[in-house]
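Working notes, structure below.
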Amino acid sequence: MAQAVIRISRSPGERRTALLLDGVLREAWVERPSRPDGVGDVVAARVSALAPAMAGSFVNMPDGATGFLPDSEARGTALHEGLLVVARVTRAAQGSKGPRLSIKRAPAMAATAPGILARGPDAAQRLAAAHPDAARIADDRTEATRLAAQYEPHAFDDTLEAEFDTLAEPRAVLAGGGVLWVQTTQALTALDADAGAQSAGRDRNAQRRFNTVLVAEAARQIRLRNLAGAILLDIAGLAVKERAAWEAPLRTALAADPLCELLGLGPLGLFEMRRARIHLPLAETLADPVTPALRLLRQAAREAAAAPHRRLAMRAPARALQALRAMPEALAEYAAQATHPITLQEGPSEITDA
C-alpha cells in the first residue's frame with residue numbers, strides 16, 4: 001500500500017492542500033476558506049422556476065446564486081415555485097453554470113427560511129477521510145489542531161512549492177524530455193504531447209518509452225489539475241491504427257482516479273475521457289485575479305515572521321490590488337500575524353520595505 005501524506009499550508013486568505021503517495025504529488029487543492037465552493041453544503045433554498053424541458057428546477061441559493069435541482073435528485077418531492085427545500089450541493093458553480101443540488105442526498109433537517117444548515121468538508125477533510133492512515137502535517141497551529149495534524153513550520157518544502165507553481169501553467173515537463181500541453185476550452189480539455197528535440201531520429205523503443213511516460217503523466221495531471229468534463233489525449237508519433245495498443249496502459253494509469261472514465265479511442269486517434277464535475281478545476285481557481293496578490297501576501301507573511309520589525313509594502317498591478325481589497329479577511333489575517341500592517345502600492349509585483 002502506498003504511503004500517504006497530507007500536507008496543509010495556510011497563509012492569509014488561502015489554504016493549499018497536497019496529497020503525496022510514496023512521495024509523488026497526486027492531488028493539489030487551492031482553497032479560499034472565506035469563499036468555499038459549497039460542495040457538500042446542506043442548504044435550505046427556494047424553488048424559483050420549474051424547467052421540465054431540462055428535467056429539473058431552478059432554485060434560489062442562500063447567497064443569491066441560482067442552482068439547479070435535477071428531477072432525478074428530487075426524491076419524489078412534488079416541487080412548485082416558492083417551495084423551500086433542504087438539499088445538498090453536489091457540484092460547485094463552474095463557469096457560467098450554477099451549483100447542482102440533490103434532495104435525496106441531503107440529511108433529514110428542518111428549515112423555515114433559506115440558509116446554510118451545514119458546511120461540507122474542505123479538501124484536507126476529504127483527503128483525511130479517504131486516507132485515514134495518512135500522516136497529516138500543517139504549518140499553522142489552528143489547522144493542525146482542527147485536522148489532528150502534526151505541526152511543522154514548513155509543511156511545503158521548495159520542491160512542493162515549485163510543483164504547485166507549475167500547475168498554474170498550461171504545460172507539464174515530462175521526465176526524460178518533452179512537454180505535455182493542457183489546453184481547456186469552454187467545451188473540453190485537450191492534452192497534447194510535444195516530444196521536442198528528442199523526436200528527431202527516435203527509434204521504436206525510444207518512442208515507446210516516451211509514450212509510457214506520457215500516459216502516466218497525463219493521468220496524473222488530470223487528477224492534479226482536477227480537470228472535468230470531456231477530455232481528449234493525443235499521444236505522440238503513432239499512426240491512428242497503432243494507438244489502440246495504448247488503451248490498456250492508459251486505463252491502468254487512470255484506475256486510481258474514481259472520477260475519470262476512459263471512453264476509448266476515437267476515430268481521430270484521440271483517447272476520449274469523461275471526468276465528473278464536482279469541485280472547481282484548479283485552473284479556474286488560479287485564474288481569479290486575487291491569486292497573484294495572495295501569493296505576494298504569503299511571501300510577505302513569511303518575511304514578516306522572519307523579521308517582525310520590518311514594515312512591508314506589497315506592490316502589484318491595480319487589478320490584483322483591487323481583488324485583494326475585495327477580500328478584507330485576507331488582509332485581516334495578515335494583520336493578526338504581523339507586527340505592522342502591510343502597505344499596498346500599485347507597481348511591479350514585489351514585496352519591499354514600506
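For the C-alpha cells, the naming scheme is as follows: chains receive sequential letters (A, B, ...) according to their order of presentation, residues are indexed from 1 within each chain, and ligands are indexed from 1 in presentation order.
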Inset, instruction - Using DSSP on the backbone, list every residue of segment 177-346 of chain A that comes out as strand (DSSP E), and give them as JSON, numbers by chain. - result: {"A": [179, 180, 181, 182, 183, 184, 188, 189, 190, 191, 192, 193, 194, 229, 230, 231, 232, 233, 234, 260, 261, 262, 263, 264, 265, 271, 272, 273, 274, 275, 312, 313, 314, 315, 316, 343, 344, 345, 346]}
Inset, instruction - Could you please write out, as an NGL selection string, every residue of segment 217-320 of chain A that DSSP assigns to helix (DSSP H, G or I)? - result: :A and (217-224 or 240-254 or 282-286 or 291-306 or 318-320)
Inset, instruction - Would you please work out which residue, of A:Thr90, A:Leu191, A:Phe164, A:Ala4, is nearest to Leu19 of chain A when using only C-alpha atoms? - result: A:Ala4
Inset, instruction - Please provide as a list in words all residues within 12 Å of Ala74 of chain A, with the sequence filter that same-chain residues fewer than 2 positions apart are discarded (counting only C-alpha atoms). - result: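 My list of contacting residues is Val47, Ala55, Gly56, Ser57, Phe58, Phe68, Leu69, Pro70, Asp71, Ser72, Gly76, Thr77, Ala78, Leu79, His80, Val85, Val86, Ala87, Arg88, Arg100, Leu101, Ser102, Ile103, Lys104, Arg105 and Ala106 of chain A.
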Inset, instruction - Would you kindly return, as a VMD selection string, each protein, DNA or RNA residue with an atom no farther than 8 Å from any atom of Cys260 of chain A, considering only C-alpha atoms and excluding same-chain residues fewer than 4 positions away? - result: chain A and resid 254 273 to 276
Those selected residues, please, written with C-alpha atoms and delivered as a PDB file, in the first residue's frame.
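Final output, selection-v9.pdb:
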```pdb
ATOM      1  CA  LEU A 254      -6.414   6.195 -14.647  1.00  0.00           C
ATOM      2  CA  MET A 273     -12.302  10.531 -21.394  1.00  0.00           C
ATOM      3  CA  ARG A 274     -15.056  11.932 -19.236  1.00  0.00           C
ATOM      4  CA  ARG A 275     -14.396  13.175 -15.711  1.00  0.00           C
ATOM      5  CA  ALA A 276     -17.098  14.129 -13.236  1.00  0.00           C
TER       6      ALA A 276
END
```
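Proximity to Leu294 of chain A was assessed for A:Ala49, A:Ile278, A:Ala316, A:Leu21 counting only C-alpha atoms; the smallest distance is recorded for A:Ala316.
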Can you tell me which residues surround Pro12 of chain A at a distance of at most 7 Å, considering only C-alpha atoms, apart from same-chain residues fewer than 2 positions away, and format the answer as a PDB file with C-alpha atoms, in the first residue's frame?
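The resulting file, selection_19.pdb, is shown below:
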```pdb
ATOM      1  CA  ARG A  10      -2.149  28.013   5.434  1.00  0.00           C
ATOM      2  CA  GLU A  14      -5.679  30.793   1.316  1.00  0.00           C
ATOM      3  CA  LEU A 297       0.736  38.192   0.723  1.00  0.00           C
ATOM      4  CA  ARG A 298       2.006  34.691   1.532  1.00  0.00           C
ATOM      5  CA  ALA A 330      -7.127  38.033   3.925  1.00  0.00           C
ATOM      6  CA  LEU A 331      -5.651  41.386   4.942  1.00  0.00           C
ATOM      7  CA  GLU A 333      -5.426  37.536   8.714  1.00  0.00           C
ATOM      8  CA  TYR A 334      -2.118  39.096   7.756  1.00  0.00           C
TER       9      TYR A 334
END
```
Legend entry - Coordinates-based distance that separates atom CA of Ile235 of chain A from atom CA of Ala187 of chain A (Å, one decimal): 20.3 Å
Legend entry - Which residue of A:Pro62, A:Leu321, A:Ala300, A:Leu147 approaches Ala335 of chain A most closely, using only C-alpha atoms: A:Ala300
Legend entry - Residue among A:Arg223, A:Arg208, A:His154, A:Arg141 lying closest to Arg302 of chain A, counting only C-alpha atoms: A:His154
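Omitting Asp353 of chain A and its sequence neighbours fewer than 4 positions away, and counting only C-alpha atoms, the residues within 6 Å are A:Arg311, A:Leu312, A:Ala313.
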Quick one: contact table of segment 202-299 of chain A to segment 94-97 of chain A, 12 Å max, nearest atom pair and distance in Å to one decimal per residue, counting only C-alpha atoms, chain and number order, as JSON lines?
```
{"residue": "A:Leu227", "atom": "CA", "partner": "A:Gln94", "partner_atom": "CA", "distance": 11.8}
{"residue": "A:Ala228", "atom": "CA", "partner": "A:Gln94", "partner_atom": "CA", "distance": 10.3}
{"residue": "A:Gly229", "atom": "CA", "partner": "A:Gln94", "partner_atom": "CA", "distance": 11.2}
{"residue": "A:Arg277", "atom": "CA", "partner": "A:Gln94", "partner_atom": "CA", "distance": 8.7}
{"residue": "A:Ile278", "atom": "CA", "partner": "A:Gln94", "partner_atom": "CA", "distance": 9.0}
{"residue": "A:His279", "atom": "CA", "partner": "A:Gln94", "partner_atom": "CA", "distance": 8.2}
{"residue": "A:Leu280", "atom": "CA", "partner": "A:Gln94", "partner_atom": "CA", "distance": 6.2}
{"residue": "A:Pro281", "atom": "CA", "partner": "A:Gln94", "partner_atom": "CA", "distance": 8.3}
{"residue": "A:Leu282", "atom": "CA", "partner": "A:Gln94", "partner_atom": "CA", "distance": 11.2}
{"residue": "A:Ala283", "atom": "CA", "partner": "A:Gln94", "partner_atom": "CA", "distance": 11.3}
{"residue": "A:Glu284", "atom": "CA", "partner": "A:Gly95", "partner_atom": "CA", "distance": 8.1}
{"residue": "A:Thr285", "atom": "CA", "partner": "A:Gln94", "partner_atom": "CA", "distance": 9.9}
{"residue": "A:Ala287", "atom": "CA", "partner": "A:Gly95", "partner_atom": "CA", "distance": 11.4}
{"residue": "A:Asp288", "atom": "CA", "partner": "A:Gly95", "partner_atom": "CA", "distance": 11.8}
```
Inset, instruction - Extract, using only C-alpha atoms, all DNA, RNA and protein residues at most 10 Å from Asp192 of chain A, discarding same-chain residues fewer than 2 positions from it, and format them as a list in words. - result: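 The neighbour list is Arg171, Val179, Leu180, Trp181, Val182, Gln183, Thr189, Ala190, Asp194, Ala195, Leu214, Ala218, Leu232, Leu233, Asp234, Ile235, Ala236 and Leu270 of chain A.
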Residues of the last selection are to be written out with N, CA and C atoms, as a compact mmCIF listing (two decimals), in the first residue's frame.
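Written out: result-v5.txt:
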```
# COMPACT_ATOMS: atom_id res chain seq x y z
N ARG A 171 1.37 23.73 -19.12
CA ARG A 171 2.35 22.74 -19.61
C ARG A 171 2.93 21.98 -18.44
N VAL A 179 7.12 17.81 -23.48
CA VAL A 179 6.14 18.60 -22.73
C VAL A 179 4.74 18.06 -23.00
N LEU A 180 3.93 18.05 -21.96
CA LEU A 180 2.51 17.76 -22.11
C LEU A 180 1.77 19.09 -21.98
N TRP A 181 1.05 19.46 -23.04
CA TRP A 181 0.29 20.71 -23.03
C TRP A 181 -1.14 20.43 -22.59
N VAL A 182 -1.67 21.28 -21.74
CA VAL A 182 -3.03 21.14 -21.22
C VAL A 182 -3.80 22.40 -21.59
N GLN A 183 -4.74 22.25 -22.51
CA GLN A 183 -5.49 23.40 -23.01
C GLN A 183 -6.98 23.18 -22.77
N THR A 189 -11.26 19.74 -22.62
CA THR A 189 -9.83 19.92 -22.34
C THR A 189 -9.05 19.00 -23.26
N ALA A 190 -8.03 19.54 -23.93
CA ALA A 190 -7.18 18.76 -24.82
C ALA A 190 -5.79 18.63 -24.23
N ASP A 194 4.29 17.07 -26.86
CA ASP A 194 5.32 17.62 -27.73
C ASP A 194 6.64 16.99 -27.32
N ALA A 195 7.15 16.10 -28.18
CA ALA A 195 8.40 15.41 -27.85
C ALA A 195 9.60 16.32 -28.00
N LEU A 214 4.44 9.54 -20.98
CA LEU A 214 3.34 10.45 -21.32
C LEU A 214 2.01 9.98 -20.73
N ALA A 218 -0.03 12.05 -18.03
CA ALA A 218 -1.34 12.59 -18.42
C ALA A 218 -2.38 12.24 -17.36
N LEU A 232 -9.63 15.04 -24.03
CA LEU A 232 -9.03 14.34 -25.16
C LEU A 232 -7.52 14.28 -24.98
N LEU A 233 -6.93 13.12 -25.27
CA LEU A 233 -5.48 12.94 -25.18
C LEU A 233 -4.94 12.49 -26.52
N ASP A 234 -3.96 13.25 -27.02
CA ASP A 234 -3.28 12.91 -28.28
C ASP A 234 -1.88 12.44 -27.93
N ILE A 235 -1.61 11.14 -28.09
CA ILE A 235 -0.27 10.65 -27.80
C ILE A 235 0.61 10.85 -29.03
N ALA A 236 1.90 10.67 -28.84
CA ALA A 236 2.86 11.15 -29.85
C ALA A 236 3.34 10.05 -30.79
N LEU A 270 -7.69 10.04 -31.04
CA LEU A 270 -7.58 10.69 -29.74
C LEU A 270 -8.29 9.84 -28.69
```
Legend entry - Atomic distance atom CA of Glu261 of chain A - atom CA of Ala219 of chain A, expressed in Å with one decimal: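 So the two atoms, atom CA of Glu261 of chain A and atom CA of Ala219 of chain A, lie 11.1 Å apart.
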Inset, instruction - Calculate how many Å separate atom CA of Val290 of chain A from atom CA of Asp139 of chain A, rounding to one decimal. - result: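 Computing it gives 22.1 Å between the two atoms.
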